[in-house]
$ cat final-v6.cif   # mmCIF, C-alpha atoms
data_protein
#
loop_
_atom_site.label_atom_id
_atom_site.label_comp_id
_atom_site.auth_asym_id
_atom_site.auth_seq_id
_atom_site.Cartn_x
_atom_site.Cartn_y
_atom_site.Cartn_z
CA MET A 19 59.39 63.68 151.21
CA SER A 20 56.22 61.48 151.25
CA PHE A 21 55.46 58.63 148.84
CA SER A 22 52.77 60.69 147.08
CA GLN A 23 55.20 63.60 146.62
CA ASP A 24 57.78 61.20 145.18
CA LEU A 25 55.19 59.82 142.76
CA ASN A 26 54.04 63.29 141.70
CA GLN A 27 57.63 64.43 141.12
CA SER A 28 58.34 61.29 139.05
CA LEU A 29 55.27 61.94 136.89
CA LEU A 30 56.26 65.59 136.43
CA ASP A 31 59.78 64.56 135.35
CA LYS A 32 58.36 62.10 132.82
CA LEU A 33 55.95 64.70 131.45
CA ASP A 34 58.81 67.21 131.15
CA ARG A 35 60.95 64.72 129.20
CA LEU A 36 57.96 63.84 126.99
CA SER A 37 57.21 67.50 126.26
CA GLN A 38 60.80 68.02 125.11
CA GLN A 39 60.47 65.16 122.63
CA ILE A 40 57.22 66.43 121.11
CA SER A 41 57.57 68.91 118.25
CA LEU A 42 54.50 70.98 117.53
CA PRO A 43 53.96 72.16 113.95
CA SER A 44 54.50 75.86 113.37
CA SER A 45 50.79 76.33 112.61
CA LEU A 46 49.93 75.38 116.21
CA MET A 47 52.50 77.69 117.79
CA VAL A 48 51.30 81.02 119.21
CA SER A 49 52.32 84.01 117.12
CA GLY A 50 53.16 87.38 118.60
CA ARG A 51 53.54 90.88 117.21
CA LEU A 52 56.34 93.38 116.79
CA VAL A 53 55.74 96.38 119.05
CA ARG A 54 59.05 98.25 119.03
CA MET A 55 62.30 98.54 117.09
CA VAL A 56 65.24 100.49 118.52
CA GLY A 57 68.38 100.29 116.44
CA MET A 58 68.74 96.59 115.64
CA THR A 59 66.72 95.41 118.66
CA LEU A 60 63.17 94.16 118.09
CA GLU A 61 60.66 93.91 120.94
CA VAL A 62 57.89 91.32 120.61
CA VAL A 63 54.84 90.56 122.76
CA GLY A 64 52.28 87.77 122.66
CA THR A 65 54.58 84.81 122.07
CA TYR A 66 57.20 82.79 123.92
CA ALA A 67 60.50 81.34 122.73
CA PRO A 68 63.78 80.41 124.48
CA VAL A 69 66.98 82.43 124.11
CA GLY A 70 68.90 81.25 121.05
CA SER A 71 65.83 80.13 119.11
CA ARG A 72 64.66 81.62 115.82
CA CYS A 73 61.53 83.52 114.86
CA GLN A 74 60.13 84.62 111.50
CA ILE A 75 58.76 88.15 111.16
CA GLU A 76 56.22 89.13 108.54
CA SER A 77 57.60 91.65 106.04
CA LYS A 78 55.90 94.08 103.66
CA HIS A 79 58.28 92.84 100.94
CA GLY A 80 56.81 89.33 101.06
CA GLU A 81 59.74 87.21 102.27
CA PRO A 82 59.72 86.79 106.09
CA ILE A 83 62.68 88.17 108.01
CA GLU A 84 64.48 85.78 110.32
CA ALA A 85 65.56 86.90 113.80
CA GLU A 86 67.03 85.27 116.88
CA VAL A 87 65.90 85.61 120.49
CA VAL A 88 68.72 87.30 122.44
CA GLY A 89 66.93 88.23 125.66
CA PHE A 90 63.61 88.83 127.42
CA HIS A 91 62.02 90.99 130.12
CA ASP A 92 58.61 90.26 131.69
CA ASP A 93 56.29 89.43 128.76
CA ARG A 94 58.60 90.86 126.06
CA LEU A 95 61.11 89.07 123.89
CA TYR A 96 64.16 90.85 122.49
CA LEU A 97 65.11 89.74 118.99
CA MET A 98 68.04 90.57 116.74
CA PRO A 99 67.58 90.24 112.95
CA ILE A 100 69.80 87.85 111.00
CA GLY A 101 69.66 89.86 107.78
CA ASP A 102 68.27 93.12 106.37
CA THR A 103 65.36 94.77 108.24
CA GLN A 104 63.85 96.58 105.25
CA GLY A 105 60.09 95.98 105.14
CA LEU A 106 59.46 95.65 108.88
CA SER A 107 56.42 97.50 110.21
CA PRO A 108 54.65 97.97 113.57
CA ASN A 109 52.48 95.01 114.71
CA ALA A 110 54.10 92.68 112.19
CA LYS A 111 53.32 89.02 112.90
CA VAL A 112 56.12 87.11 114.67
CA THR A 113 56.13 83.29 114.62
CA PRO A 114 58.62 81.10 116.56
CA VAL A 115 60.43 78.44 114.55
CA GLN A 116 60.62 74.91 115.99
CA GLY A 117 64.00 73.43 116.92
CA GLY A 118 67.37 74.92 117.78
CA VAL A 119 69.69 76.69 115.38
CA LYS A 120 71.26 74.06 113.12
CA VAL A 121 73.62 74.35 110.16
CA ARG A 122 74.10 72.04 107.19
CA VAL A 123 77.63 70.71 106.65
CA GLY A 124 79.34 68.27 104.32
CA HIS A 125 82.30 67.57 102.03
CA ALA A 126 80.53 69.45 99.21
CA MET A 127 81.42 72.68 101.05
CA LEU A 128 85.09 72.30 100.08
CA GLY A 129 86.02 74.96 97.56
CA ARG A 130 82.99 77.08 98.43
CA ILE A 131 82.45 80.52 99.98
CA VAL A 132 79.39 80.89 102.23
CA ASP A 133 77.85 83.46 104.56
CA GLY A 134 77.11 83.11 108.27
CA SER A 135 73.99 81.04 107.62
CA GLY A 136 75.69 78.68 105.17
CA GLN A 137 74.25 80.22 102.00
CA PRO A 138 76.70 80.31 99.04
CA LEU A 139 78.23 83.66 98.02
CA ASP A 140 80.27 82.41 95.05
CA ASN A 141 77.51 81.96 92.43
CA LYS A 142 78.36 78.27 92.01
CA GLY A 143 74.90 76.95 92.79
CA SER A 144 73.48 75.25 95.85
CA ILE A 145 75.54 73.02 98.16
CA GLU A 146 74.49 69.40 98.68
CA THR A 147 75.23 68.89 102.38
CA GLU A 148 75.30 65.58 104.24
CA GLN A 149 74.64 66.38 107.87
CA GLU A 150 72.99 68.86 110.21
CA VAL A 151 74.89 70.01 113.32
CA PRO A 152 74.12 72.55 116.08
CA LEU A 153 75.56 76.00 115.45
CA SER A 154 76.81 76.20 119.04
CA GLY A 155 78.65 72.84 118.77
CA ARG A 156 78.86 69.96 121.22
CA ARG A 157 81.04 70.13 124.31
CA ILE A 158 83.90 67.61 124.58
CA ASN A 159 84.88 66.20 127.96
CA PRO A 160 88.30 67.80 128.58
CA LEU A 161 89.65 64.53 129.98
CA LYS A 162 88.82 62.72 126.73
CA ARG A 163 90.67 65.12 124.44
CA ALA A 164 93.79 63.75 122.77
CA PRO A 165 96.96 65.52 123.99
CA ILE A 166 98.98 67.81 121.73
CA SER A 167 102.03 65.74 120.84
CA GLU A 168 102.92 66.51 117.21
CA PRO A 169 104.55 69.69 115.81
CA LEU A 170 102.70 71.61 113.10
CA ASP A 171 104.69 72.94 110.16
CA VAL A 172 103.46 76.45 109.26
CA GLY A 173 106.24 77.32 106.79
CA ILE A 174 107.48 80.35 108.79
CA LYS A 175 111.02 79.79 110.12
CA ALA A 176 110.70 82.21 113.04
CA ILE A 177 107.61 80.31 114.25
CA ASN A 178 108.83 76.80 113.39
CA GLY A 179 112.18 77.41 115.08
CA LEU A 180 111.38 79.62 118.07
CA LEU A 181 107.61 79.34 118.67
CA THR A 182 106.87 75.82 117.46
CA LEU A 183 103.13 75.15 117.23
CA GLY A 184 101.46 71.80 117.87
CA ARG A 185 98.71 70.09 115.92
CA GLY A 186 95.51 70.92 117.80
CA GLN A 187 96.88 74.11 119.40
CA ARG A 188 94.92 77.39 119.60
CA ILE A 189 97.11 80.42 118.99
CA GLY A 190 96.45 84.15 118.89
CA LEU A 191 97.98 86.44 116.26
CA MET A 192 97.96 89.81 118.04
CA ALA A 193 98.63 93.09 116.29
CA GLY A 194 97.45 96.59 115.61
CA THR A 195 96.30 97.71 112.18
CA GLY A 196 98.67 97.68 109.21
CA VAL A 197 101.58 95.63 110.60
CA GLY A 198 101.28 92.61 108.28
CA LYS A 199 98.77 90.48 110.20
CA SER A 200 96.76 89.43 107.14
CA VAL A 201 99.89 88.78 105.06
CA LEU A 202 101.33 86.48 107.74
CA LEU A 203 97.97 84.72 108.03
CA GLY A 204 97.94 84.22 104.26
CA MET A 205 101.46 82.72 104.30
CA MET A 206 100.44 80.30 107.06
CA THR A 207 97.35 79.37 105.05
CA ARG A 208 99.41 78.42 102.00
CA TYR A 209 102.28 76.65 103.77
CA THR A 210 100.60 74.79 106.65
CA ASN A 211 100.20 71.06 106.18
CA ALA A 212 96.50 70.34 106.81
CA ASP A 213 93.80 68.17 105.23
CA VAL A 214 91.19 70.94 105.30
CA VAL A 215 91.44 74.71 105.82
CA VAL A 216 88.42 76.59 107.20
CA VAL A 217 88.65 80.39 107.01
CA GLY A 218 86.32 82.65 108.98
CA LEU A 219 86.43 86.27 107.82
CA VAL A 220 84.42 88.04 110.51
CA GLY A 221 83.67 91.75 110.35
CA GLU A 222 86.36 92.51 107.76
CA ARG A 223 86.05 94.89 104.82
CA GLY A 224 84.30 93.36 101.79
CA ARG A 225 87.32 94.11 99.61
CA GLU A 226 89.57 92.12 101.94
CA VAL A 227 87.34 89.05 101.60
CA ASN A 228 87.87 89.01 97.83
CA ASP A 229 91.60 89.77 98.19
CA PHE A 230 92.11 86.95 100.69
CA VAL A 231 90.41 84.40 98.45
CA ARG A 232 92.23 85.53 95.30
CA ASN A 233 95.71 86.35 96.61
CA ASN A 234 96.17 84.24 99.74
CA LEU A 235 94.22 81.09 98.96
CA GLY A 236 94.31 81.03 95.17
CA GLU A 237 92.60 78.36 93.06
CA GLU A 238 94.60 75.43 94.43
CA GLY A 239 94.25 76.53 98.05
CA LEU A 240 90.51 77.04 97.70
CA LYS A 241 90.00 73.42 96.60
CA ARG A 242 90.77 72.16 100.12
CA SER A 243 89.19 75.14 101.90
CA VAL A 244 85.85 76.45 103.10
CA VAL A 245 85.52 80.22 103.49
CA VAL A 246 82.83 81.73 105.74
CA ALA A 247 82.54 85.46 105.08
CA THR A 248 80.50 87.89 107.16
CA PRO A 249 81.74 91.39 106.21
CA ALA A 250 81.53 94.50 108.38
CA ASP A 251 78.19 95.60 106.87
CA ASP A 252 76.41 92.40 108.03
CA PRO A 253 74.22 92.68 111.15
CA PRO A 254 76.04 91.88 114.42
CA LEU A 255 74.20 88.58 114.85
CA MET A 256 75.31 87.43 111.38
CA ARG A 257 78.92 88.32 112.23
CA LEU A 258 78.60 86.36 115.47
CA HIS A 259 77.18 83.40 113.56
CA GLY A 260 79.98 83.63 110.98
CA ALA A 261 82.56 82.71 113.63
CA MET A 262 80.33 79.98 115.05
CA MET A 263 79.56 78.63 111.57
CA ALA A 264 83.27 78.40 110.66
CA THR A 265 83.91 76.54 113.92
CA ALA A 266 80.97 74.16 113.31
CA ILE A 267 82.34 73.30 109.85
CA ALA A 268 85.81 72.69 111.32
CA GLU A 269 84.24 70.43 113.98
CA TYR A 270 82.49 68.39 111.30
CA PHE A 271 85.72 67.70 109.41
CA ARG A 272 87.56 66.97 112.68
CA ASP A 273 84.92 64.36 113.52
CA GLN A 274 85.67 62.75 110.14
CA GLY A 275 89.22 62.10 111.40
CA LEU A 276 90.83 64.95 109.40
CA ASN A 277 93.41 67.50 110.52
CA VAL A 278 91.82 70.94 110.14
CA LEU A 279 93.43 74.38 110.12
CA LEU A 280 90.92 76.98 111.34
CA LEU A 281 91.85 80.60 110.60
CA MET A 282 89.65 83.31 112.07
CA ASP A 283 90.12 86.96 111.22
CA SER A 284 89.26 88.30 113.66
CA LEU A 285 88.36 87.34 117.23
CA THR A 286 88.10 91.04 118.07
CA ARG A 287 85.29 91.58 115.52
CA PHE A 288 83.48 88.59 117.06
CA ALA A 289 83.75 90.27 120.48
CA GLN A 290 82.58 93.59 119.06
CA ALA A 291 79.52 91.93 117.49
CA GLN A 292 78.60 90.41 120.85
CA ARG A 293 79.13 93.81 122.49
CA GLU A 294 76.67 95.43 120.05
CA ILE A 295 74.06 92.76 120.82
CA ALA A 296 74.55 92.87 124.60
CA LEU A 297 74.41 96.68 124.82
CA ALA A 298 71.31 96.75 122.60
CA VAL A 299 69.36 94.53 125.01
CA GLY A 300 70.42 96.54 128.05
CA GLU A 301 73.45 94.68 129.45
CA PRO A 302 75.67 97.16 131.32
CA PRO A 303 79.25 97.72 130.08
CA ALA A 304 82.00 96.44 132.38
CA SER A 305 85.49 96.91 130.92
CA LYS A 306 86.17 99.67 128.38
CA GLY A 307 82.62 99.37 127.03
CA TYR A 308 82.60 95.56 126.85
CA PRO A 309 79.75 93.83 128.77
CA PRO A 310 80.49 90.67 130.81
CA SER A 311 78.83 88.38 128.22
CA VAL A 312 81.66 89.16 125.76
CA PHE A 313 84.21 87.55 128.07
CA SER A 314 82.04 84.46 128.52
CA LYS A 315 81.48 84.09 124.76
CA LEU A 316 85.21 84.10 123.91
CA PRO A 317 86.12 80.88 125.77
CA GLN A 318 82.88 79.23 124.57
CA LEU A 319 84.04 79.76 120.98
CA VAL A 320 87.74 79.02 121.48
CA GLU A 321 87.22 75.83 123.52
CA ARG A 322 85.42 74.23 120.57
CA ALA A 323 88.73 74.07 118.68
CA GLY A 324 91.63 71.78 119.53
CA ASN A 325 92.07 68.02 119.39
CA GLY A 326 89.05 65.77 119.41
CA GLN A 327 88.72 62.55 121.35
CA GLU A 328 91.38 59.84 121.02
CA GLY A 329 91.39 58.57 117.44
CA ALA A 330 89.55 61.59 116.00
CA GLY A 331 91.05 64.47 114.01
CA SER A 332 92.22 67.87 115.19
CA ILE A 333 91.48 71.57 114.79
CA THR A 334 94.55 73.81 114.92
CA ALA A 335 93.09 77.29 115.31
CA ILE A 336 94.79 80.62 114.62
CA TYR A 337 92.80 83.68 115.73
CA THR A 338 93.82 87.20 114.83
CA VAL A 339 93.28 89.66 117.67
CA LEU A 340 93.24 93.37 116.87
CA ALA A 341 95.05 95.41 119.53
CA GLU A 342 93.26 98.78 119.48
CA GLY A 343 95.93 101.48 119.31
CA ASP A 344 98.63 98.77 119.68
CA ASP A 345 97.49 98.38 123.29
CA GLN A 346 98.41 94.87 124.45
CA SER A 347 96.38 95.44 127.65
CA ASP A 348 93.17 95.93 125.65
CA PRO A 349 90.39 93.85 127.36
CA VAL A 350 89.85 91.53 124.38
CA VAL A 351 93.60 91.03 123.87
CA ASP A 352 94.07 90.32 127.57
CA SER A 353 91.13 87.90 127.67
CA ALA A 354 92.26 86.10 124.50
CA ARG A 355 95.77 85.73 125.91
CA GLY A 356 94.27 83.94 128.90
CA VAL A 357 92.15 81.40 126.99
CA LEU A 358 94.53 80.56 124.13
CA ASP A 359 97.49 78.16 124.11
CA GLY A 360 99.95 80.86 123.11
CA HIS A 361 100.22 84.12 121.22
CA ILE A 362 102.33 85.66 118.46
CA VAL A 363 102.68 89.43 118.83
CA LEU A 364 103.39 91.61 115.79
CA SER A 365 105.18 94.88 116.57
CA ARG A 366 104.58 98.18 114.76
CA GLU A 367 108.09 99.32 115.66
CA ILE A 368 109.59 96.23 113.99
CA ALA A 369 107.33 96.67 110.94
CA ASP A 370 108.40 100.31 110.66
CA SER A 371 112.04 99.17 110.65
CA GLY A 372 111.29 97.12 107.51
CA ARG A 373 111.56 93.60 108.95
CA TYR A 374 108.76 91.23 107.99
CA PRO A 375 107.10 89.27 109.43
CA ALA A 376 107.22 91.76 112.30
CA ILE A 377 107.16 89.11 115.06
CA ASP A 378 108.12 90.36 118.52
CA ILE A 379 109.95 87.27 119.76
CA GLU A 380 110.31 88.62 123.31
CA SER A 381 106.54 89.08 123.74
CA SER A 382 105.45 85.89 121.96
CA ILE A 383 105.10 82.39 123.38
CA SER A 384 103.91 78.91 122.43
CA ARG A 385 102.72 77.14 125.59
CA VAL A 386 103.06 73.65 124.08
CA MET A 387 106.51 74.01 122.51
CA VAL A 388 108.35 72.50 125.48
CA GLU A 389 106.31 69.29 125.10
CA ILE A 390 106.68 68.73 121.35
CA VAL A 391 110.27 69.63 120.38
CA SER A 392 113.62 68.06 121.21
CA LYS A 393 115.83 69.31 124.05
CA GLU A 394 118.37 70.43 121.44
CA GLN A 395 115.88 72.70 119.65
CA LEU A 396 114.58 74.03 122.96
CA GLY A 397 118.14 74.94 123.96
CA LEU A 398 118.75 76.67 120.61
CA ALA A 399 115.54 78.69 120.94
CA ARG A 400 116.43 79.79 124.47
CA ARG A 401 119.95 80.78 123.41
CA PHE A 402 118.54 82.79 120.49
CA LYS A 403 116.08 84.64 122.74
CA GLN A 404 118.77 85.40 125.32
CA LEU A 405 121.05 86.96 122.71
CA TYR A 406 118.21 88.89 121.05
CA SER A 407 116.85 90.17 124.39
CA THR A 408 120.35 91.18 125.58
CA TYR A 409 120.87 93.31 122.46
CA GLN A 410 117.43 94.94 122.77
CA GLN A 411 117.99 95.82 126.44
CA ASN A 412 121.34 97.48 125.71
CA GLN A 413 120.51 98.92 122.28
CA ASP A 414 120.61 102.55 123.41
CA LEU A 415 124.09 102.17 124.93
CA ILE A 416 125.32 100.36 121.81
CA ASN A 417 123.88 102.92 119.38
CA VAL A 418 125.42 105.97 121.11
CA GLY A 419 128.78 104.23 121.50
CA ALA A 420 128.64 104.18 125.31
CA TYR A 421 129.32 100.46 125.50
CA ARG A 422 132.95 99.30 125.46
CA LYS A 423 133.73 96.00 123.81
CA GLY A 424 134.94 93.42 126.34
CA THR A 425 132.96 94.80 129.27
CA ASP A 426 130.35 92.00 129.16
CA PRO A 427 130.85 88.75 127.16
CA GLN A 428 127.06 88.27 126.79
CA ILE A 429 126.62 91.74 125.24
CA ASP A 430 129.67 91.16 123.00
CA ALA A 431 128.11 87.92 121.72
CA ALA A 432 124.75 89.66 121.18
CA ILE A 433 126.38 92.49 119.14
CA GLN A 434 128.28 89.98 117.01
CA LYS A 435 125.25 87.79 116.32
CA TYR A 436 122.55 90.47 115.99
CA PRO A 437 122.69 90.85 112.16
CA LEU A 438 122.32 87.05 111.83
CA LEU A 439 119.48 87.00 114.39
CA ASN A 440 117.66 89.70 112.46
CA GLN A 441 118.20 87.82 109.21
CA PHE A 442 116.74 84.63 110.70
CA LEU A 443 113.59 86.49 111.76
CA SER A 444 113.09 87.93 108.25
CA GLN A 445 111.28 86.05 105.50
CA GLU A 446 109.95 87.01 102.08
CA ILE A 447 106.29 86.39 101.21
CA GLY A 448 107.12 83.72 98.62
CA GLU A 449 109.58 81.80 100.83
CA CYS A 450 108.68 78.64 102.74
CA PHE A 451 110.79 76.98 105.44
CA ASP A 452 109.67 73.63 106.81
CA VAL A 453 110.43 72.55 110.41
CA LYS A 454 113.65 70.71 109.48
CA HIS A 455 114.96 73.60 107.35
CA SER A 456 114.01 76.10 110.08
CA THR A 457 115.97 74.15 112.71
CA LEU A 458 119.02 73.94 110.43
CA GLU A 459 118.83 77.71 109.85
CA LEU A 460 118.61 78.24 113.62
CA GLN A 461 121.74 76.12 114.19
CA LYS A 462 123.55 77.97 111.42
CA THR A 463 122.58 81.36 112.90
CA LEU A 464 123.93 80.47 116.33
CA GLY A 465 126.98 78.66 114.92
CA GLU A 466 126.12 75.42 116.69
#

$ encode --input "final-v6.cif" --output "structure tokens"
Amino acid sequence: MSFSQDLNQSLLDKLDRLSQQISLPSSLMVSGRLVRMVGMTLEVVGTYAPVGSRCQIESKHGEPIEAEVVGFHDDRLYLMPIGDTQGLSPNAKVTPVQGGVKVRVGHAMLGRIVDGSGQPLDNKGSIETEQEVPLSGRRINPLKRAPISEPLDVGIKAINGLLTLGRGQRIGLMAGTGVGKSVLLGMMTRYTNADVVVVGLVGERGREVNDFVRNNLGEEGLKRSVVVATPADDPPLMRLHGAMMATAIAEYFRDQGLNVLLLMDSLTRFAQAQREIALAVGEPPASKGYPPSVFSKLPQLVERAGNGQEGAGSITAIYTVLAEGDDQSDPVVDSARGVLDGHIVLSREIADSGRYPAIDIESSISRVMVEIVSKEQLGLARRFKQLYSTYQQNQDLINVGAYRKGTDPQIDAAIQKYPLLNQFLSQEIGECFDVKHSTLELQKTLGE
């Protein structure tokens, strides 16, 4: 490359950096017009804006409607509305909004219930926030993250004893419909020791939002919590932003040095919202109707949780994952299993037998347990699982009387201990077992 080419390239780089620092007022930005609306997808011509930026669309009702750029083709932008589309008309004026998508966060959000854009839903007035952060978060160098080294007490003896979670871990709660997923999540909300609890209710029924706040959190629980609610009747982009907003709030408190519990119900609804958006802008489906962008969005969201840098706080994240038709090979379930640090599977068969929480110990795993518990507890957990699995594998023979006592010492021990194993896995809604109590119960169950 010649000297003159080097100089020209240097000048171009400087001009590019300078252009990124200059913010033009909205009045000087070129406005476009709305030319087509198909479903929830808006097509705009005459203006330019990057993917992920916001635009305001003129409405017949007076208040402009906000939308986000989700794609483009040739000279057309594809937008997805944030809220209601009532009042939109052909050739409506579309104006890009300067700056990326930011959200306001602060300690004043504790005890409040907000939507996916941070607006209060609880009729308690406006929220005085302290800081503005990007909705998509800031990436942490994986080598600078603090390791998971401390157990997290969730108050559930089956989890504390056999699937011990670590502070800063990301775990999936996987289940079909109606097997006690929300009840277990509520118990963990009340009993987990955390400085701040952030709850993201994404794509759930509106009734369940109110029930979760009243019955699972309660007045005392709400005081240290922030609830982000984007019910099923919200547009897909608002549901997507609900999950991202909850994560951004959790990141803010983590950066303050606090230990945060992030509960998201559910990761599946987040994936479904992204599927709606991707299909609407023409992305082809890949796996059971899910486009490829869904499987890139999941790790982008999940990787924001976890421990911060050395000396910072932590985000312990629990994501519920809905297994459609109890299918554990569902694409979202399978993808979530790959990006999370463990999973707790709830079984419909166990729930139908009347044992709650209906945790399938054989199918569940905590990938950090081996690093955060003593060798004694690890040995107890393995012994428990061996006995439980032995009984399950030979249950048909035992039930029909085909097994003869004394044939296999391992099966004999499993038959003798099975009622105690089942009792250990059961827990009433109002009961709480800390880590120490859970370990003692495990020792008592195994007679060691």

$ resolve_selection --input "final-v6.cif" --expression "the PyMOL selection byres ((chain A and resi 342) around 9)" --output "list in words"
Ala193, Gly194, Thr195, Leu340, Ala341, Gly343, Asp344, Asp345, Gln346, Asp348 and Val351 of chain A

$ residues_around --input "final-v6.cif" --residues "Val214 (chain A)" --least-positions-apart "6" --cutoff "7 Å" --atoms "only C-alpha atoms" --output "mmCIF file with C-alpha atoms, in the coordinates of the input"
data_model
loop_
_atom_site.group_PDB
_atom_site.id
_atom_site.type_symbol
_atom_site.label_atom_id
_atom_site.label_comp_id
_atom_site.auth_asym_id
_atom_site.auth_seq_id
_atom_site.Cartn_x
_atom_site.Cartn_y
_atom_site.Cartn_z
ATOM 1 C CA ARG A 242 90.770 72.160 100.120
ATOM 2 C CA SER A 243 89.190 75.140 101.900
ATOM 3 C CA ASN A 277 93.410 67.500 110.520
ATOM 4 C CA VAL A 278 91.820 70.940 110.140
ATOM 5 C CA LEU A 279 93.430 74.380 110.120
#

$ resolve_selection --input "final-v6.cif" --expression "the PyMOL selection byres ((chain A and resi 456) around 10)" --output "MDAnalysis selection string"
chainID A and resid 171 173:180 442 450:455 457:462

$ resolve_selection --input "final-v6.cif" --expression "the PyMOL selection byres ((chain A and resi 282) around 6)" --output "list in words"
Val217, Gly218, Leu281, Asp283, Ser284 and Tyr337 of chain A

$ closest_atom_pairs --input "final-v6.cif" --of "region 185-229 of chain A" --to "region 357-373 of chain A" --cutoff "8 Å" --atoms "all atoms listed in the file" --output "tab-separated table"
residue	atom	partner	partner_atom	distance
A:Gln187	CA	A:Asp359	CA	6.2
A:Arg188	CA	A:Asp359	CA	5.2
A:Ile189	CA	A:Gly360	CA	5.0
A:Gly190	CA	A:His361	CA	4.4
A:Leu191	CA	A:Ile362	CA	4.9
A:Met192	CA	A:Val363	CA	4.8
A:Ala193	CA	A:Leu364	CA	5.0
A:Gly194	CA	A:Arg366	CA	7.4
A:Val197	CA	A:Arg366	CA	5.7
A:Gly198	CA	A:Ala369	CA	7.8
A:Lys199	CA	A:Leu364	CA	7.3

$ residues_around --input "final-v6.cif" --residues "Asp426 (chain A)" --least-positions-apart "4" --cutoff "12 Å" --atoms "only C-alpha atoms" --output "PyMOL selection string"
chain A and resi 408-409+412+421-422+430-433

$ residues_around --input "final-v6.cif" --residues "region 64-67 of chain A" --least-positions-apart "3" --cutoff "6 Å" --atoms "all atoms listed in the file" --output "PDB file with C-alpha atoms, keeping the file's coordinate frame"
ATOM      1  CA  VAL A  48      51.300  81.020 119.210  1.00  0.00           C
ATOM      2  CA  SER A  49      52.320  84.010 117.120  1.00  0.00           C
ATOM      3  CA  GLY A  50      53.160  87.380 118.600  1.00  0.00           C
TER       4      GLY A  50
END

$ residues_around --input "final-v6.cif" --residues "region 132-146 of chain A" --least-positions-apart "2" --cutoff "6 Å" --atoms "all atoms listed in the file" --output "VMD selection string"
chain A and resid 246 to 248 256 259 to 260

$ residues_around --input "final-v6.cif" --residues "Ile295 (chain A)" --least-positions-apart "4" --cutoff "9 Å" --atoms "only C-alpha atoms" --output "PyMOL selection string"
chain A and resi 58-59+88+98+254-255+290-291+299-301

$ closest_residue --input "final-v6.cif" --among "A:Arg257, A:Lys435, A:Arg185, A:Lys306" --to "Ile336 (chain A)" --atoms "all atoms listed in the file"
A:Arg185

$ atom_distance --input "final-v6.cif" --atom1 "CA of Ala264 (chain A)" --atom2 "CA of Ala376 (chain A)"
27.5 Å

$ atom_distance --input "final-v6.cif" --atom1 "CA of Gly221 (chain A)" --atom2 "CA of Pro249 (chain A)"
4.6 Å

$ axis_aligned_box --input "final-v6.cif" --around "region 229-247 of chain A" --padding-each-side "6 Å" --output "JSON"
{"center_x": 89.4, "center_y": 81.0, "center_z": 99.4, "size_x": 25.6, "size_y": 29.6, "size_z": 24.7}

$ closest_residue --input "final-v6.cif" --among "A:Ser200, A:Thr210, A:Gln434, A:Gln404" --to "Gly465 (chain A)" --atoms "only C-alpha atoms"
A:Gln434

$ atom_distance --input "final-v6.cif" --atom1 "CA of Val87 (chain A)" --atom2 "CA of Leu258 (chain A)"
13.7 Å
